[in-house]
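Data from structure33.cif: mmCIF, C-alpha atoms
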```cif
data_structure
#
loop_
_atom_site.label_atom_id
_atom_site.label_comp_id
_atom_site.auth_asym_id
_atom_site.auth_seq_id
_atom_site.Cartn_x
_atom_site.Cartn_y
_atom_site.Cartn_z
CA MET B 1 -9.64 4.84 31.92
CA LYS B 2 -6.20 4.80 30.35
CA PRO B 3 -3.45 2.22 30.85
CA CYS B 4 -0.17 3.24 32.48
CA PRO B 5 1.84 5.11 29.80
CA GLU B 6 5.10 3.36 30.78
CA HIS B 7 3.47 -0.03 30.16
CA GLU B 8 1.66 0.85 26.96
CA GLU B 9 4.21 -0.76 24.63
CA THR B 10 4.36 -3.90 26.78
CA LEU B 11 0.58 -4.06 26.73
CA TRP B 12 0.41 -3.87 22.93
CA LEU B 13 3.21 -6.36 22.47
CA ASP B 14 1.38 -8.74 24.81
CA VAL B 15 -1.87 -8.37 22.88
CA CYS B 16 0.00 -9.03 19.61
CA GLY B 17 1.70 -12.09 21.11
CA GLU B 18 5.15 -10.52 20.80
CA LEU B 19 6.06 -10.01 24.45
CA ASP B 20 9.53 -11.17 25.44
CA PRO B 21 9.13 -14.18 27.82
CA GLN B 22 11.66 -12.57 30.19
CA LYS B 23 9.38 -9.56 30.63
CA ARG B 24 6.21 -11.56 30.98
CA LEU B 25 6.51 -12.34 34.69
CA ALA B 26 6.95 -8.70 35.69
CA TRP B 27 4.12 -7.70 33.35
CA GLU B 28 1.73 -10.26 34.82
CA LYS B 29 2.55 -9.01 38.29
CA HIS B 30 1.75 -5.49 37.16
CA LEU B 31 -1.55 -6.66 35.65
CA GLU B 32 -2.61 -8.17 38.97
CA ALA B 33 -2.10 -4.82 40.65
CA CYS B 34 -3.31 -2.43 37.90
CA GLU B 35 -6.95 -2.59 36.91
CA ASN B 36 -6.66 -0.03 34.09
CA CYS B 37 -4.00 -2.04 32.28
CA ARG B 38 -5.95 -5.24 32.85
CA ARG B 39 -9.14 -3.74 31.37
CA GLU B 40 -7.32 -2.22 28.43
CA ARG B 41 -5.66 -5.56 27.73
CA GLU B 42 -9.03 -7.30 27.71
CA HIS B 43 -10.55 -4.59 25.54
CA LEU B 44 -7.77 -4.79 22.94
CA ALA B 45 -7.83 -8.58 22.91
CA LEU B 46 -11.59 -8.52 22.33
CA MET B 47 -11.24 -5.89 19.64
CA LEU B 48 -8.66 -7.97 17.75
CA GLN B 49 -10.82 -11.05 18.12
CA THR B 50 -13.79 -9.11 16.73
CA VAL B 51 -11.70 -8.02 13.73
CA ARG B 52 -10.50 -11.59 13.12
CA VAL B 53 -14.04 -12.96 13.22
CA ASN B 54 -15.72 -10.21 11.24
CA ALA B 55 -13.10 -9.66 8.57
CA PRO B 56 -11.86 -13.15 7.82
CA SER B 57 -9.44 -13.63 4.97
CA PRO B 58 -11.34 -13.86 1.71
CA ILE B 59 -11.17 -17.22 0.00
CA LEU B 60 -10.94 -18.01 -3.69
CA SER B 61 -13.58 -20.49 -4.74
CA ARG B 62 -12.45 -23.82 -6.20
CA GLU B 63 -13.26 -22.62 -9.74
CA GLU B 64 -11.42 -19.33 -9.23
CA ALA B 65 -8.41 -21.15 -7.81
CA LEU B 66 -8.33 -23.57 -10.75
CA ALA B 67 -8.69 -20.70 -13.21
CA LEU B 68 -5.82 -18.88 -11.49
CA ALA B 69 -3.56 -21.94 -11.53
CA SER B 70 -4.26 -22.73 -15.19
CA SER B 71 -3.79 -19.09 -16.19
CA ILE B 72 -0.41 -18.99 -14.43
CA ALA B 73 0.66 -22.26 -16.08
CA ARG B 74 -0.46 -21.00 -19.51
CA LYS B 75 1.36 -17.69 -19.18
CA LEU B 76 4.54 -19.42 -18.06
CA ARG B 77 4.33 -21.85 -20.99
CA GLU B 78 3.80 -18.97 -23.43
CA GLU B 79 6.76 -17.08 -22.00
CA ARG B 80 8.93 -20.16 -22.30
CA GLU B 81 7.87 -20.79 -25.90
CA GLU B 82 8.44 -17.15 -26.79
CA ALA B 83 11.90 -17.26 -25.27
CA TRP B 84 12.66 -20.50 -27.14
CA TRP B 85 11.61 -19.03 -30.50
CA ARG B 86 13.52 -15.86 -29.90
CA LYS B 87 16.60 -17.89 -29.12
CA ARG B 88 16.15 -20.01 -32.23
CA LEU B 89 15.37 -17.13 -34.57
CA PHE B 90 17.81 -14.52 -33.39
CA GLY B 91 20.05 -16.28 -30.95
CA ILE B 92 20.02 -13.09 -28.92
CA PRO B 93 19.54 -13.30 -25.18
CA ASN B 94 16.91 -10.94 -23.77
CA SER B 95 19.48 -8.96 -21.79
CA LEU B 96 21.30 -7.90 -24.99
CA ILE B 97 18.24 -6.47 -26.74
CA PRO B 98 18.43 -2.99 -25.15
CA ALA B 99 22.16 -2.77 -25.93
CA LEU B 100 21.57 -3.76 -29.55
CA THR B 101 18.75 -1.25 -29.90
CA ALA B 102 21.00 1.50 -28.53
CA ALA B 103 23.76 0.50 -30.98
CA CYS B 104 21.31 0.66 -33.93
CA ILE B 105 20.13 4.12 -32.90
CA LEU B 106 23.74 5.26 -32.59
CA ILE B 107 24.61 3.95 -36.06
CA VAL B 108 21.59 5.69 -37.63
CA ALA B 109 22.42 8.96 -35.84
CA LEU B 110 26.07 8.84 -36.87
CA GLY B 111 25.08 8.01 -40.45
CA TRP B 112 22.70 10.95 -40.59
CA PHE B 113 25.26 13.38 -39.23
CA SER B 114 27.99 12.17 -41.57
CA MET B 115 25.65 12.52 -44.58
CA LYS B 116 24.88 16.04 -43.49
CA GLY B 117 28.62 16.71 -43.17
CA LEU B 118 29.25 15.46 -46.74
CA ARG B 119 26.55 17.64 -48.23
CA SER B 120 27.51 20.89 -46.57
CA PRO B 121 30.89 21.72 -48.33
CA SER B 122 29.01 22.50 -51.59
CA SER B 123 27.75 25.72 -50.12
CA MET B 124 30.35 28.41 -49.67
CA THR B 125 28.56 30.36 -46.99
CA HIS B 126 30.68 29.00 -44.16
CA LEU B 127 34.05 29.82 -45.84
CA ASN B 128 36.09 32.93 -44.95
CA SER B 129 37.25 35.47 -47.60
CA GLU B 130 40.70 33.88 -48.28
CA GLU B 131 39.15 30.48 -48.74
CA ARG B 132 36.56 31.97 -51.10
CA ILE B 133 39.33 33.51 -53.30
CA LEU B 134 41.15 30.18 -53.34
CA ALA B 135 37.94 28.45 -54.31
CA LYS B 136 37.44 30.94 -57.21
CA ASP B 137 41.03 30.34 -58.38
CA LEU B 138 40.35 26.67 -58.26
CA ASP B 139 37.33 27.18 -60.48
CA ILE B 140 39.45 29.13 -63.00
CA ILE B 141 42.10 26.39 -63.05
CA LYS B 142 39.42 23.78 -63.57
CA ASN B 143 37.99 25.75 -66.54
CA LEU B 144 41.37 26.67 -68.03
CA ASP B 145 40.99 24.33 -71.04
CA MET B 146 37.68 25.86 -71.89
CA LEU B 147 39.12 29.37 -71.66
CA GLU B 148 41.94 28.41 -74.04
CA GLU B 149 39.41 27.07 -76.51
CA MET B 150 37.46 30.33 -76.22
CA ASP B 151 40.63 32.23 -77.00
CA THR B 152 41.25 30.12 -80.14
CA LEU B 153 37.68 30.66 -81.29
CA GLN B 154 38.00 34.43 -80.88
CA ARG B 155 41.18 34.42 -82.94
CA LEU B 156 39.49 32.37 -85.69
CA VAL B 157 36.56 34.80 -85.84
CA ARG B 158 38.99 37.68 -86.13
CA VAL B 159 40.83 35.95 -89.04
CA VAL B 160 37.58 35.14 -90.88
CA ASP B 161 36.32 38.70 -90.48
CA ASN B 162 39.59 40.14 -91.88
CA GLY B 163 39.82 37.58 -94.76
CA ASP B 164 43.38 36.88 -93.68
CA ILE B 165 43.71 33.08 -94.12
CA PRO B 166 47.03 31.64 -93.07
CA SER B 167 49.09 29.81 -95.74
CA THR B 168 48.94 26.47 -93.92
CA THR B 169 45.12 26.47 -94.22
CA LYS B 170 45.25 27.20 -97.97
CA GLN B 171 47.58 24.29 -98.59
CA ASN B 172 45.06 21.97 -96.82
CA MET D 1 2.83 -36.89 1.23
CA SER D 2 3.30 -33.14 1.08
CA LEU D 3 6.77 -31.81 0.44
CA LYS D 4 8.51 -29.31 2.70
CA ASP D 5 8.89 -25.81 1.30
CA GLU D 6 12.63 -26.28 0.74
CA GLU D 7 12.19 -29.45 -1.31
CA LEU D 8 9.31 -27.95 -3.23
CA ILE D 9 11.31 -24.88 -4.15
CA ALA D 10 14.37 -26.94 -5.09
CA ARG D 11 12.18 -28.89 -7.52
CA ALA D 12 10.46 -25.77 -8.84
CA GLN D 13 13.90 -24.26 -9.49
CA LYS D 14 14.55 -27.23 -11.78
CA ASP D 15 11.34 -26.44 -13.72
CA ASP D 16 9.46 -29.39 -12.27
CA GLN D 17 5.87 -28.69 -13.41
CA ARG D 18 4.26 -30.61 -10.57
CA ALA D 19 6.28 -28.70 -7.99
CA ILE D 20 5.19 -25.42 -9.59
CA GLU D 21 1.54 -26.53 -9.46
CA GLU D 22 1.95 -27.56 -5.83
CA PHE D 23 3.54 -24.19 -5.01
CA VAL D 24 0.60 -22.31 -6.57
CA CYS D 25 -1.86 -24.58 -4.81
CA ARG D 26 -0.14 -24.12 -1.44
CA TYR D 27 0.16 -20.36 -1.50
CA HIS D 28 -2.69 -18.99 -3.61
CA GLN D 29 -5.16 -18.43 -0.76
CA LYS D 30 -2.67 -16.53 1.40
CA ALA D 31 -1.39 -14.48 -1.52
CA TYR D 32 -4.95 -13.66 -2.51
CA ALA D 33 -5.88 -12.65 1.05
CA ILE D 34 -2.94 -10.21 1.18
CA ALA D 35 -3.80 -8.80 -2.23
CA TYR D 36 -7.48 -8.51 -1.34
CA TYR D 37 -6.93 -6.21 1.64
CA MET D 38 -4.25 -4.26 -0.19
CA CYS D 39 -6.69 -3.64 -3.07
CA SER D 40 -9.35 -2.27 -0.71
CA GLY D 41 -11.53 -5.31 -1.29
CA ASP D 42 -11.57 -5.33 -5.10
CA ARG D 43 -11.79 -9.06 -5.93
CA GLU D 44 -10.87 -8.79 -9.62
CA GLU D 45 -7.88 -6.58 -9.00
CA ALA D 46 -6.77 -8.87 -6.18
CA GLN D 47 -6.93 -11.89 -8.49
CA ASP D 48 -4.94 -10.11 -11.20
CA LEU D 49 -2.29 -9.04 -8.72
CA THR D 50 -2.11 -12.52 -7.20
CA GLN D 51 -1.46 -13.94 -10.65
CA GLU D 52 1.17 -11.30 -11.37
CA ALA D 53 2.87 -12.02 -8.05
CA PHE D 54 3.04 -15.75 -8.82
CA LEU D 55 4.47 -15.06 -12.26
CA ARG D 56 7.10 -12.73 -10.82
CA ALA D 57 8.00 -15.28 -8.16
CA LEU D 58 8.25 -18.14 -10.65
CA ARG D 59 10.34 -16.06 -13.08
CA ASN D 60 12.76 -15.31 -10.25
CA ILE D 61 12.58 -18.56 -8.32
CA LYS D 62 16.07 -19.56 -9.44
CA LYS D 63 17.42 -16.44 -7.72
CA PHE D 64 16.05 -17.54 -4.34
CA ARG D 65 19.10 -18.57 -2.32
CA GLY D 66 17.41 -19.46 0.94
CA ASP D 67 18.81 -16.55 2.99
CA SER D 68 15.32 -16.01 4.43
CA SER D 69 12.40 -18.37 4.69
CA PHE D 70 10.66 -18.97 1.40
CA TYR D 71 7.29 -17.63 2.47
CA THR D 72 8.71 -14.27 3.61
CA TRP D 73 10.50 -14.05 0.23
CA PHE D 74 7.26 -14.84 -1.58
CA TYR D 75 5.09 -12.55 0.56
CA ARG D 76 7.51 -9.75 -0.12
CA ILE D 77 6.97 -10.27 -3.83
CA VAL D 78 3.20 -10.27 -3.26
CA VAL D 79 3.34 -7.04 -1.23
CA ASN D 80 5.63 -5.32 -3.76
CA THR D 81 3.47 -6.44 -6.67
CA CYS D 82 0.39 -5.06 -4.93
CA LEU D 83 2.11 -1.77 -4.11
CA ASP D 84 3.23 -1.43 -7.74
CA GLY D 85 -0.26 -2.29 -8.91
CA ARG D 86 -1.83 0.27 -6.61
CA ARG D 87 0.65 2.92 -7.74
CA ARG D 88 -0.14 2.16 -11.37
CA ARG D 89 -3.85 2.33 -10.65
CA ARG D 90 -3.55 5.64 -8.81
CA ARG D 91 -1.64 7.08 -11.75
CA TRP D 92 -4.44 6.06 -14.11
CA GLU D 93 -7.04 7.37 -11.71
CA ARG D 94 -5.29 10.72 -11.62
CA ILE D 95 -5.41 10.82 -15.41
CA PHE D 96 -9.03 9.72 -15.60
CA SER D 97 -10.07 11.31 -12.31
CA ARG D 98 -13.79 10.93 -12.89
CA ALA D 99 -13.55 7.20 -13.35
CA GLY D 100 -11.41 7.10 -10.21
CA GLU D 101 -14.05 8.91 -8.16
CA ARG D 102 -16.68 6.48 -9.40
CA GLU D 103 -14.52 3.53 -8.36
CA GLU D 104 -13.89 5.02 -4.94
CA ARG D 105 -17.62 5.48 -4.37
CA LYS D 106 -18.21 1.89 -5.42
CA LYS D 107 -15.59 0.69 -2.97
CA GLU D 108 -17.12 2.40 0.02
CA VAL D 109 -19.24 -0.70 0.51
CA PRO D 110 -17.08 -3.84 0.36
CA GLU D 111 -18.13 -6.39 -2.22
CA GLU D 112 -18.29 -9.47 -0.03
CA GLN D 113 -21.14 -9.85 2.36
CA PRO D 114 -20.61 -12.08 5.37
CA ASP D 115 -22.31 -15.38 5.80
CA MET D 116 -24.04 -15.16 9.13
CA GLY D 117 -24.40 -18.90 9.43
CA GLU D 118 -27.12 -20.30 11.64
CA ALA D 119 -27.87 -17.18 13.67
CA SER D 120 -31.56 -17.34 14.45
CA ASN D 121 -32.29 -13.85 15.75
CA PRO D 122 -32.74 -11.35 12.87
CA MET D 123 -31.50 -8.52 15.09
CA ASP D 124 -28.31 -10.48 15.75
CA VAL D 125 -27.90 -11.07 12.03
CA LEU D 126 -28.46 -7.39 11.31
CA SER D 127 -26.06 -6.18 13.98
CA GLY D 128 -23.56 -8.85 12.92
CA LYS D 129 -23.69 -7.63 9.32
CA GLN D 130 -23.38 -4.06 10.46
CA LEU D 131 -20.39 -4.93 12.63
CA THR D 132 -18.74 -6.72 9.71
CA LEU D 133 -19.22 -3.66 7.54
CA GLU D 134 -17.84 -1.41 10.28
CA VAL D 135 -14.78 -3.63 10.75
CA ARG D 136 -14.06 -3.72 7.03
CA LYS D 137 -14.60 0.01 6.67
CA ALA D 138 -12.24 0.64 9.58
CA LEU D 139 -9.62 -1.64 7.99
CA MET D 140 -9.93 0.06 4.61
CA THR D 141 -9.48 3.51 6.10
CA LEU D 142 -6.07 2.57 7.54
CA PRO D 143 -3.06 3.94 5.65
CA GLU D 144 -1.63 1.36 3.25
CA ARG D 145 1.48 0.33 5.18
CA GLN D 146 -0.35 0.21 8.52
CA ARG D 147 -2.95 -2.02 6.92
CA ILE D 148 -0.28 -4.35 5.53
CA ALA D 149 1.47 -4.62 8.91
CA PHE D 150 -1.80 -5.22 10.73
CA GLN D 151 -3.03 -7.75 8.20
CA LEU D 152 0.19 -9.77 8.21
CA LYS D 153 0.19 -9.81 12.00
CA ILE D 154 -3.45 -10.51 12.74
CA PHE D 155 -4.61 -12.53 9.72
CA GLN D 156 -1.38 -14.26 8.71
CA ASP D 157 0.06 -14.66 12.25
CA MET D 158 3.49 -13.47 11.21
CA SER D 159 6.04 -12.19 13.72
CA ILE D 160 7.19 -8.57 13.69
CA ARG D 161 10.59 -9.70 12.39
CA GLU D 162 8.99 -11.54 9.49
CA ILE D 163 6.73 -8.61 8.70
CA ALA D 164 9.78 -6.34 8.65
CA GLN D 165 11.43 -8.70 6.13
CA VAL D 166 8.32 -8.78 3.97
CA MET D 167 7.86 -5.01 4.01
CA GLY D 168 11.55 -4.22 3.76
CA SER D 169 11.35 -1.99 6.85
CA ALA D 170 13.01 -1.88 10.25
CA GLU D 171 11.35 -3.81 13.08
CA GLY D 172 10.79 -0.57 15.01
CA THR D 173 8.95 0.92 12.03
CA VAL D 174 6.71 -2.13 11.76
CA LYS D 175 6.00 -1.98 15.50
CA SER D 176 4.94 1.63 15.32
CA GLN D 177 2.79 0.99 12.20
CA LEU D 178 1.15 -1.93 13.96
CA PHE D 179 0.46 0.05 17.11
CA ARG D 180 -0.95 2.97 15.15
CA ALA D 181 -3.22 0.61 13.25
CA ILE D 182 -4.48 -0.96 16.50
CA HIS D 183 -5.00 2.47 17.97
CA SER D 184 -7.02 3.64 14.93
CA LEU D 185 -9.13 0.48 14.94
CA ARG D 186 -9.71 0.79 18.66
CA THR D 187 -11.08 4.29 18.13
CA ALA D 188 -13.13 3.35 15.07
CA LEU D 189 -14.71 0.29 16.72
CA LYS D 190 -15.07 1.85 20.15
CA ASP D 191 -18.86 1.65 20.23
CA TRP D 192 -19.08 -1.84 18.85
CA VAL D 193 -16.45 -3.54 20.95
CA GLY D 194 -17.44 -1.58 24.06
CA GLY D 195 -21.04 -2.71 23.58
CA GLN D 196 -20.03 -6.33 23.19
CA GLU D 197 -17.94 -6.12 26.34
CA GLU D 198 -20.84 -4.70 28.33
CA ALA D 199 -23.17 -7.39 26.99
CA ARG D 200 -20.68 -10.05 28.01
CA ILE D 201 -20.41 -8.64 31.54
#
```
Write out the structure in this file as structure tokens.
Amino acid sequence: MKPCPEHEETLWLDVCGELDPQKRLAWEKHLEACENCRREREHLALMLQTVRVNAPSPILSREEALALASSIARKLREEREEAWWRKRLFGIPNSLIPALTAACILIVALGWFSMKGLRSPSSMTHLNSEERILAKDLDIIKNLDMLEEMDTLQRLVRVVDNGDIPSTTKQN
Amino acid sequence: MSLKDEELIARAQKDDQRAIEEFVCRYHQKAYAIAYYMCSGDREEAQDLTQEAFLRALRNIKKFRGDSSFYTWFYRIVVNTCLDGRRRRRRWERIFSRAGEREERKKEVPEEQPDMGEASNPMDVLSGKQLTLEVRKALMTLPERQRIAFQLKIFQDMSIREIAQVMGSAEGTVKSQLFRAIHSLRTALKDWVGGQEEARI
């Protein structure tokens, strides 16, 4: 036998003790007249009572409760001490640690990229043809002194080979 | 003389050690009961989660402004801690699926056995034990949120409004979860409760 569908919600609210007092009077009148709803109400009430009795809330024993309380107190004390030491040693609040870590990572990354950037100009692979010519000219200008010395040496070899010693050398 | 919740919390917010102890002492059984049913009857896990919930609550106690009653605020922390714990556990179980299956099999029979008290008839004791097992099995087969709603209503005597605050859901949602849970339990315990009713008549 099923309860009246239009009263099903009222029935469940009543069983759960949540029925609006204003609706109670009308509901009780209905219960007097409707046997199906009355039976279902009794059945649900008995079922909930059975659940309450047969699945009571588990209880922590005295020892377990004491162990729990002391463990909570110990953990809180440890956390407090840790926070105190951190404050003393670094003076950094916990909330700033992620920001500081991110800043460190950023600095390292920037440093690495800038080092890479400094090293790369030594290779000429990334230069275009005009820049390469300019770079060669630059090399020649840098080695100009050495080229002049080479020229002098060649002239000296020529003079020695020919036996043609200039007068200024003889006087010395 | 025991302090009211408001005074107790005001003192705990000022790091009064005795108030903190009193708070743990006052709420540990209820917190544990919630955790126990949310952990499908695993006592050790329930104790760990109860401890974690207390630590979370005490770390954040200074943030409690009194917009809701303290116990709904605290129960919400307990429920959220348990949900997080369960999620974490499921993730591990997925990774180590074999261990998970073993645990599930172990949990099919709840750990605690009821104390049948002074019942003299062995048949009564036997049927009582069987009924207890059936009730617990039926409770454990409920979906998580239905079980929480049912448990807070029936075992903790909370109103639907309070349950909605604890679960962070709308009152209508809680109502429907509660009704579905009652409906499932009614079906699961049909033979047992029907039999009792007939015997009573």
Quiz prompt | Residues near Arg87 of chain D, cut-off 12 Å, all atoms listed in the file, skip fewer than 6 positions along chain, as number ranges by chain | solution = D: 38-39, 80-81, 93-94, 144
Quiz item: If you apply the PyMOL selection byres ((chain B) within 8 of (chain D)) to this file, what residues do you get, as a PyMOL selection string?
Solution: chain B and resi 12+16+18+43-44+46-48+50-52+54-60+65+68-69+71-73+76
Quiz item: What is the atom CA of Phe70 of chain D to atom CA of Gly85 of chain D distance in Å?
Solution: 22.4 Å
Quiz prompt | Within 12 Å of Cys34 of chain B using all atoms listed in the file, minus same-chain residues under 5 positions, as a VMD selection string | solution = chain B and resid 1 to 4 7 11 27 to 29 39 to 41
Quiz prompt | atom CA of Arg74 of chain B to atom CA of Ala12 of chain D, distance in Å rounded to a single decimal | solution =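 Separation between atom CA of Arg74 of chain B and atom CA of Ala12 of chain D: 16.0 Å.
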Exercise. Record the distance separating atom CA of Glu81 of chain B and atom CA of Arg18 of chain D, expressed in Å with one decimal.
Key: 18.6 Å
Quiz item: Hey, what's within 8 Å of Tyr75 of chain D if we count all atoms listed in the file and toss same-chain stuff fewer than 4 positions away? As a PyMOL selection string, please?
Solution: chain D and resi 31+71+79+166
File dump, residues just selected, C-alpha atoms, as a PDB file, keeping the file's coordinate frame:
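Written out: out_23.pdb:
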```
ATOM      1  CA  ALA D  31      -1.390 -14.480  -1.520  1.00  0.00           C
ATOM      2  CA  TYR D  71       7.290 -17.630   2.470  1.00  0.00           C
ATOM      3  CA  VAL D  79       3.340  -7.040  -1.230  1.00  0.00           C
ATOM      4  CA  VAL D 166       8.320  -8.780   3.970  1.00  0.00           C
TER       5      VAL D 166
END
```
